[in-house]
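Enquirer: Structure file data.txt, compact mmCIF, C-alpha atoms, is pasted below:
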# COMPACT_ATOMS: atom_id res chain seq x y z
CA ASN I 976 20.75 -4.77 3.35
CA ALA I 977 18.40 -5.88 0.58
CA GLY I 978 15.13 -4.76 2.23
CA VAL I 979 12.10 -6.68 0.94
CA THR I 980 12.69 -9.08 -1.93
CA GLN I 981 10.05 -10.87 -3.97
CA THR I 982 10.28 -13.70 -6.46
CA PRO I 983 9.38 -14.22 -9.23
CA LYS I 984 9.04 -10.83 -10.93
CA PHE I 985 6.59 -12.13 -13.52
CA ARG I 986 4.68 -15.35 -14.00
CA ILE I 987 2.04 -16.74 -16.33
CA LEU I 988 -0.23 -19.44 -14.90
CA LYS I 989 -2.89 -21.58 -16.47
CA ILE I 990 -6.29 -21.77 -14.78
CA GLY I 991 -6.19 -24.34 -11.98
CA GLN I 992 -2.42 -24.32 -11.53
CA SER I 993 -0.82 -23.58 -8.18
CA MET I 994 2.14 -21.44 -7.25
CA THR I 995 3.88 -19.78 -4.34
CA LEU I 996 4.98 -16.16 -4.34
CA GLN I 997 8.05 -15.71 -2.20
CA CYS I 998 8.74 -12.74 0.08
CA THR I 999 11.78 -12.22 2.29
CA GLN I 1000 12.84 -9.27 4.43
CA ASP I 1001 16.17 -8.78 6.17
CA MET I 1002 15.19 -5.97 8.54
CA ASN I 1003 13.96 -8.19 11.38
CA HIS I 1004 10.47 -6.70 11.02
CA ASN I 1005 7.60 -8.17 12.99
CA TYR I 1006 4.83 -7.17 10.59
CA MET I 1007 4.52 -8.52 7.06
CA TYR I 1008 1.74 -8.01 4.53
CA TRP I 1009 0.55 -9.24 1.17
CA TYR I 1010 -1.39 -6.90 -1.13
CA ARG I 1011 -2.76 -7.14 -4.61
CA GLN I 1012 -3.05 -4.17 -6.94
CA ASP I 1013 -5.43 -4.40 -9.84
CA PRO I 1014 -5.01 -1.99 -12.79
CA GLY I 1015 -6.00 1.55 -11.86
CA MET I 1016 -6.91 0.50 -8.33
CA GLY I 1017 -5.45 0.84 -4.90
CA LEU I 1018 -3.93 -1.94 -2.89
CA LYS I 1019 -6.11 -4.54 -1.23
CA LEU I 1020 -4.78 -6.41 1.81
CA ILE I 1021 -4.84 -10.19 1.33
CA TYR I 1022 -3.17 -11.46 4.50
CA TYR I 1023 -0.91 -10.09 7.16
CA SER I 1024 1.28 -11.39 9.98
CA VAL I 1025 2.30 -9.80 13.25
CA GLY I 1026 5.10 -12.28 13.88
CA ALA I 1027 6.36 -15.78 13.22
CA GLY I 1028 3.55 -18.30 13.58
CA ILE I 1029 0.77 -15.67 13.54
CA THR I 1030 -1.25 -14.77 10.46
CA ASP I 1031 -4.64 -13.18 9.85
CA LYS I 1032 -6.95 -12.39 6.96
CA GLY I 1033 -7.17 -9.04 5.26
CA GLU I 1034 -9.88 -7.67 2.97
CA VAL I 1035 -9.55 -10.21 0.13
CA PRO I 1036 -8.18 -13.55 1.43
CA ASN I 1037 -10.29 -15.95 -0.65
CA GLY I 1038 -8.19 -18.14 -2.96
CA TYR I 1039 -4.95 -17.54 -1.05
CA ASN I 1040 -3.05 -19.04 1.86
CA VAL I 1041 -0.04 -17.90 3.83
CA SER I 1042 2.37 -19.19 6.43
CA ARG I 1043 5.00 -17.49 8.60
CA SER I 1044 7.44 -20.04 9.97
CA THR I 1045 10.29 -17.54 10.31
CA THR I 1046 10.57 -13.79 10.89
CA GLU I 1047 12.16 -13.30 7.47
CA ASP I 1048 9.83 -15.20 5.15
CA PHE I 1049 6.14 -14.79 4.32
CA PRO I 1050 5.16 -16.86 1.26
CA LEU I 1051 1.77 -16.48 -0.42
CA ARG I 1052 0.19 -19.59 -1.90
CA LEU I 1053 -2.35 -19.70 -4.74
CA GLU I 1054 -3.89 -23.17 -4.84
CA LEU I 1055 -6.19 -23.08 -7.87
CA ALA I 1056 -5.38 -20.08 -10.01
CA ALA I 1057 -8.31 -18.19 -11.53
CA PRO I 1058 -8.34 -15.30 -14.05
CA SER I 1059 -9.63 -13.03 -11.27
CA GLN I 1060 -6.25 -13.43 -9.56
CA THR I 1061 -4.46 -11.68 -12.41
CA SER I 1062 -2.86 -8.75 -10.62
CA VAL I 1063 0.36 -7.29 -9.28
CA TYR I 1064 1.23 -8.62 -5.85
CA PHE I 1065 3.21 -6.60 -3.35
CA CYS I 1066 4.78 -7.81 -0.15
CA ALA I 1067 5.59 -5.31 2.58
CA SER I 1068 7.05 -5.30 6.07
CA SER I 1069 7.23 -2.92 9.03
CA SER I 1070 8.62 -2.90 12.51
CA TYR I 1071 6.62 -3.20 15.71
CA SER I 1072 7.66 0.30 16.81
CA ALA I 1073 6.90 1.96 13.46
CA GLN I 1074 4.15 -0.10 11.92
CA GLU I 1075 3.05 2.72 9.64
CA THR I 1076 6.38 2.83 7.82
CA GLN I 1077 5.93 -0.08 5.44
CA TYR I 1078 8.76 -1.14 3.18
CA PHE I 1079 7.49 -2.59 -0.07
CA GLY I 1080 9.02 -5.17 -2.34
CA PRO I 1081 9.23 -4.56 -6.11
CA GLY I 1082 6.13 -6.64 -6.84
CA THR I 1083 5.24 -9.80 -8.72
CA ARG I 1084 3.14 -9.51 -11.87
CA LEU I 1085 0.87 -12.53 -12.26
CA LEU I 1086 -1.16 -13.37 -15.32
CA VAL I 1087 -3.68 -16.23 -15.18
CA LEU I 1088 -4.91 -17.47 -18.54
CA GLY X 593 -16.30 -0.44 8.21
CA ASN X 594 -13.04 1.13 7.07
CA SER X 595 -12.55 2.74 3.67
CA VAL X 596 -10.69 5.50 1.88
CA THR X 597 -11.99 7.62 -0.98
CA GLN X 598 -9.75 9.88 -3.02
CA MET X 599 -10.26 12.04 -6.04
CA GLU X 600 -9.95 10.40 -9.40
CA GLY X 601 -7.18 11.34 -11.74
CA PRO X 602 -5.27 11.94 -13.68
CA VAL X 603 -4.36 15.38 -12.43
CA THR X 604 -2.26 17.35 -14.90
CA LEU X 605 -0.43 20.48 -13.72
CA SER X 606 2.28 22.76 -14.97
CA GLU X 607 5.52 22.99 -13.04
CA GLU X 608 5.30 25.31 -10.00
CA ALA X 609 1.50 25.00 -9.80
CA PHE X 610 -0.33 24.36 -6.53
CA LEU X 611 -1.44 20.79 -5.88
CA THR X 612 -4.39 19.47 -3.91
CA ILE X 613 -5.46 15.84 -3.90
CA ASN X 614 -8.58 15.19 -1.85
CA CYS X 615 -8.93 12.21 0.49
CA THR X 616 -11.76 11.31 2.84
CA TYR X 617 -12.09 8.28 5.05
CA THR X 618 -14.51 6.15 7.00
CA ALA X 619 -13.25 4.31 10.05
CA THR X 620 -14.17 2.95 13.44
CA GLY X 621 -12.05 4.08 16.33
CA TYR X 622 -8.97 6.24 15.86
CA PRO X 623 -7.04 5.37 12.72
CA SER X 624 -3.67 6.69 11.59
CA LEU X 625 -3.60 8.29 8.15
CA PHE X 626 -0.95 8.22 5.43
CA TRP X 627 0.00 9.30 1.96
CA TYR X 628 2.08 6.89 -0.11
CA VAL X 629 3.68 7.58 -3.48
CA GLN X 630 4.33 5.08 -6.26
CA TYR X 631 6.77 5.85 -9.05
CA PRO X 632 6.50 3.87 -12.30
CA GLY X 633 7.56 0.26 -11.95
CA GLU X 634 8.18 0.53 -8.20
CA GLY X 635 6.48 -0.36 -4.95
CA LEU X 636 4.86 2.22 -2.70
CA GLN X 637 6.89 4.55 -0.50
CA LEU X 638 5.61 6.32 2.58
CA LEU X 639 5.36 10.06 1.88
CA LEU X 640 3.89 11.38 5.13
CA LYS X 641 1.75 10.36 8.09
CA ALA X 642 -0.48 11.69 10.86
CA THR X 643 -1.44 9.60 13.84
CA LYS X 644 -4.12 11.70 15.56
CA ALA X 645 -6.61 14.48 14.92
CA ASP X 646 -5.15 17.90 13.99
CA ASP X 647 -1.70 16.42 13.35
CA LYS X 648 0.01 17.72 10.22
CA GLY X 649 2.25 15.37 8.30
CA SER X 650 4.89 16.88 6.02
CA ASN X 651 7.73 15.71 3.80
CA LYS X 652 9.49 16.98 0.65
CA GLY X 653 7.22 20.03 0.50
CA PHE X 654 4.01 17.96 0.74
CA GLU X 655 1.60 18.48 3.63
CA ALA X 656 -1.62 16.94 4.90
CA THR X 657 -3.66 17.67 8.03
CA TYR X 658 -5.74 15.03 9.85
CA ARG X 659 -9.24 16.58 10.08
CA LYS X 660 -11.47 14.43 12.27
CA GLU X 661 -14.47 16.74 11.95
CA THR X 662 -14.53 16.40 8.17
CA THR X 663 -12.89 12.91 8.08
CA SER X 664 -10.38 14.24 5.57
CA PHE X 665 -6.64 14.13 4.90
CA HIS X 666 -6.05 16.21 1.78
CA LEU X 667 -2.57 16.29 0.25
CA GLU X 668 -1.12 19.69 -0.74
CA LYS X 669 2.07 21.08 -2.22
CA GLY X 670 2.72 24.70 -2.97
CA SER X 671 4.88 24.26 -6.06
CA VAL X 672 5.06 20.93 -7.90
CA GLN X 673 8.02 19.74 -9.93
CA VAL X 674 8.23 17.37 -12.89
CA SER X 675 9.87 14.84 -10.56
CA ASP X 676 6.64 14.73 -8.50
CA SER X 677 4.88 12.91 -11.32
CA ALA X 678 3.68 9.64 -9.78
CA VAL X 679 0.60 7.95 -8.35
CA TYR X 680 -0.42 9.06 -4.87
CA PHE X 681 -2.35 6.82 -2.48
CA CYS X 682 -4.20 7.85 0.65
CA ALA X 683 -4.37 5.12 3.30
CA LEU X 684 -5.47 4.43 6.85
CA LEU X 685 -4.24 1.99 9.48
CA ASN X 686 -6.74 0.61 11.93
CA PHE X 687 -6.34 -2.47 14.15
CA ASN X 688 -3.23 -3.70 12.28
CA LYS X 689 -4.90 -3.48 8.85
CA PHE X 690 -4.15 -0.99 6.10
CA TYR X 691 -6.84 0.33 3.74
CA PHE X 692 -5.83 2.17 0.58
CA GLY X 693 -7.64 4.53 -1.74
CA SER X 694 -7.65 3.85 -5.47
CA GLY X 695 -4.81 6.26 -6.20
CA THR X 696 -4.51 9.56 -8.04
CA LYS X 697 -2.09 9.90 -10.92
CA LEU X 698 -0.27 13.23 -11.07
CA ASN X 699 1.35 14.42 -14.28
CA VAL X 700 3.51 17.54 -14.02
CA LYS X 701 4.49 19.20 -17.30
CA PRO X 702 7.54 21.45 -17.71
Written as structure tokens, how would this file's structure read?
Expert:
Amino acid sequence: NAGVTQTPKFRILKIGQSMTLQCTQDMNHNYMYWYRQDPGMGLKLIYYSVGAGITDKGEVPNGYNVSRSTTEDFPLRLELAAPSQTSVYFCASSSYSAQETQYFGPGTRLLVL
Amino acid sequence: GNSVTQMEGPVTLSEEAFLTINCTYTATGYPSLFWYVQYPGEGLQLLLKATKADDKGSNKGFEATYRKETTSFHLEKGSVQVSDSAVYFCALLNFNKFYFGSGTKLNVKP
């Protein structure tokens, strides 16, 4: 039981490049979330999903896209990277019956130069 | 709208001291409230929760009471240990969305 896994752990992008941050959970959780954490700040919700095929925007969705084709996977897409997207990205999941108990991945550190 | 405000850190205490980290919130409806803890280099872990007014969440010696009248959810521990050194986040859940405070770093010295 691996929990929530994220890849890559660290990435450097040039301005304007695109990339996909991968997130997979093996707990059959309905809810999945993407957050960003800027230095010294709390987490900001980017997008979330309540189940396969259903996604919705969080507080800071601009510049990102998501999809949820399976229960296990919830990739986050950056189309045109900007320096303002330099951050640590966390994926999390929770079950329908215990939504408040989020399980977090280890994070992806992204640097846009 | 929904938001969480918590006291700025860092908070530095000696081992066995009493800890309070203040948290207040703004929300529509009836949110659930949480404290999460983040150890260096790791993701967040749920520490405790309260789902309705006057509920007290507790775990590992930490406690917090959901106070609707003061819109607060302060975290307390009677005697901190060095191993409690971490960043603590107050959060609320409302209509499927989580909102986090900016975090308070706690340093406990032996």
Enquirer: Residues of chain I within 6 Å of chain X, using all atoms listed in the file, as a CSV table (one decimal) with C-alpha atoms, in the coordinates of the input?
Expert:
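Ended up saving to out00.csv:
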chain,number,residue,atom,x,y,z
I,1016,MET,CA,-6.9,0.5,-8.3
I,1017,GLY,CA,-5.4,0.8,-4.9
I,1018,LEU,CA,-3.9,-1.9,-2.9
I,1079,PHE,CA,7.5,-2.6,-0.1
I,1081,PRO,CA,9.2,-4.6,-6.1
Enquirer: Using only C-alpha atoms, give me every residue within 7 Å of (-0.4, -16.9, -15.2) in file coordinates, as a ChimeraX atom specification.
Expert: /I:986-989,1085-1088
Enquirer: Expressed in Å to a single decimal, how great is the separation between CA of Leu667 (chain X) and CA of Trp627 (chain X)?
Expert: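 A separation of 7.6 Å between them.
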Enquirer: So that I can see what lies close to Ala1056 (chain I), please list as a list in words the residues with an atom at most 7 Å from it, counting all atoms listed in the file and leaving out residues fewer than 6 positions away in the same chain.
Expert: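 Once the adjacent positions are removed, what remains is Ile990, Gly991, Gln992, Ser993 and Val1087 of chain I.
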Enquirer: Please save C-alpha atoms of the selected residues as a compact mmCIF listing (two decimals), in the coordinates of the input.
Expert:
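Resulting contents of out_22.txt:
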# COMPACT_ATOMS: atom_id res chain seq x y z
CA ILE I 990 -6.29 -21.77 -14.78
CA GLY I 991 -6.19 -24.34 -11.98
CA GLN I 992 -2.42 -24.32 -11.53
CA SER I 993 -0.82 -23.58 -8.18
CA VAL I 1087 -3.68 -16.23 -15.18
Enquirer: Can you pull out every residue within 9 Å of region 1034-1044 of chain I, counting all atoms listed in the file, but drop anything in the same chain fewer than 5 positions away, and send it as a PyMOL selection string?
Expert: (chain I and resi 1010-1011+1019-1024+1026-1029+1049-1057+1060) or (chain X and resi 689+691)
Enquirer: So which one's closest to Asn686 (chain X), I:Val1063, I:Pro1058, I:Tyr1006, I:Glu1075? Using only C-alpha atoms, please.
Expert: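 Ranking I:Val1063, I:Pro1058, I:Tyr1006, I:Glu1075 by distance to Asn686 (chain X), first place goes to I:Glu1075.
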Enquirer: Select, from X:Gln630, X:Thr662, X:Lys669, X:Pro602, the residue with the minimum atom-to-atom distance to Gly649 (chain X), counting all atoms listed in the file.
Expert: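 Answer, going by the shortest atom-to-atom distance: X:Lys669.
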Enquirer: One decimal, Å: what's the distance from CA of Arg1084 (chain I) over to CA of Gln997 (chain I), could you say?
Expert: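 Atom-to-atom, CA of Arg1084 (chain I) and CA of Gln997 (chain I) are spaced 12.5 Å apart.
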Enquirer: Of the candidates I:Asp1013, I:Asp1048, I:Phe985, I:Met1002, which shows the shortest atom-to-atom distance to Tyr1078 (chain I), using all atoms listed in the file?
Expert: I:Met1002
Enquirer: Hey, can you check how far CA of Leu611 (chain X) sits from CA of Asn594 (chain X)?
Expert: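 Computing it gives 26.2 Å between the two atoms.
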Enquirer: When you look at Glu661 (chain X) with a cut-off of 12 Å (counting all atoms listed in the file), what residues show up, excluding the ones that are within fewer than 4 positions of it in the same chain? I need them as a list in words.
Expert: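 Non-adjacent residues within range: Thr616, Tyr617, Thr618, Ala645, Asp646, Thr657 and Phe665 of chain X.
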Enquirer: Taking all atoms listed in the file into account, name the residue in X:Ser606, X:Asn614, X:Pro632, X:Gly593 that is nearest to Ser664 (chain X).
Expert: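 Going through X:Ser606, X:Asn614, X:Pro632, X:Gly593 one by one, the smallest distance to Ser664 (chain X) is for X:Asn614.
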Enquirer: Give the centre and edge lengths of an axis-aligned box, in Å to one decimal, that holds all listed atoms of region 678-689 of chain X with 3 Å on each side, as lines of an AutoDock Vina configuration file.
Expert:
center_x = -1.5
center_y = 3.0
center_z = 2.2
size_x = 16.4
size_y = 19.3
size_z = 29.9
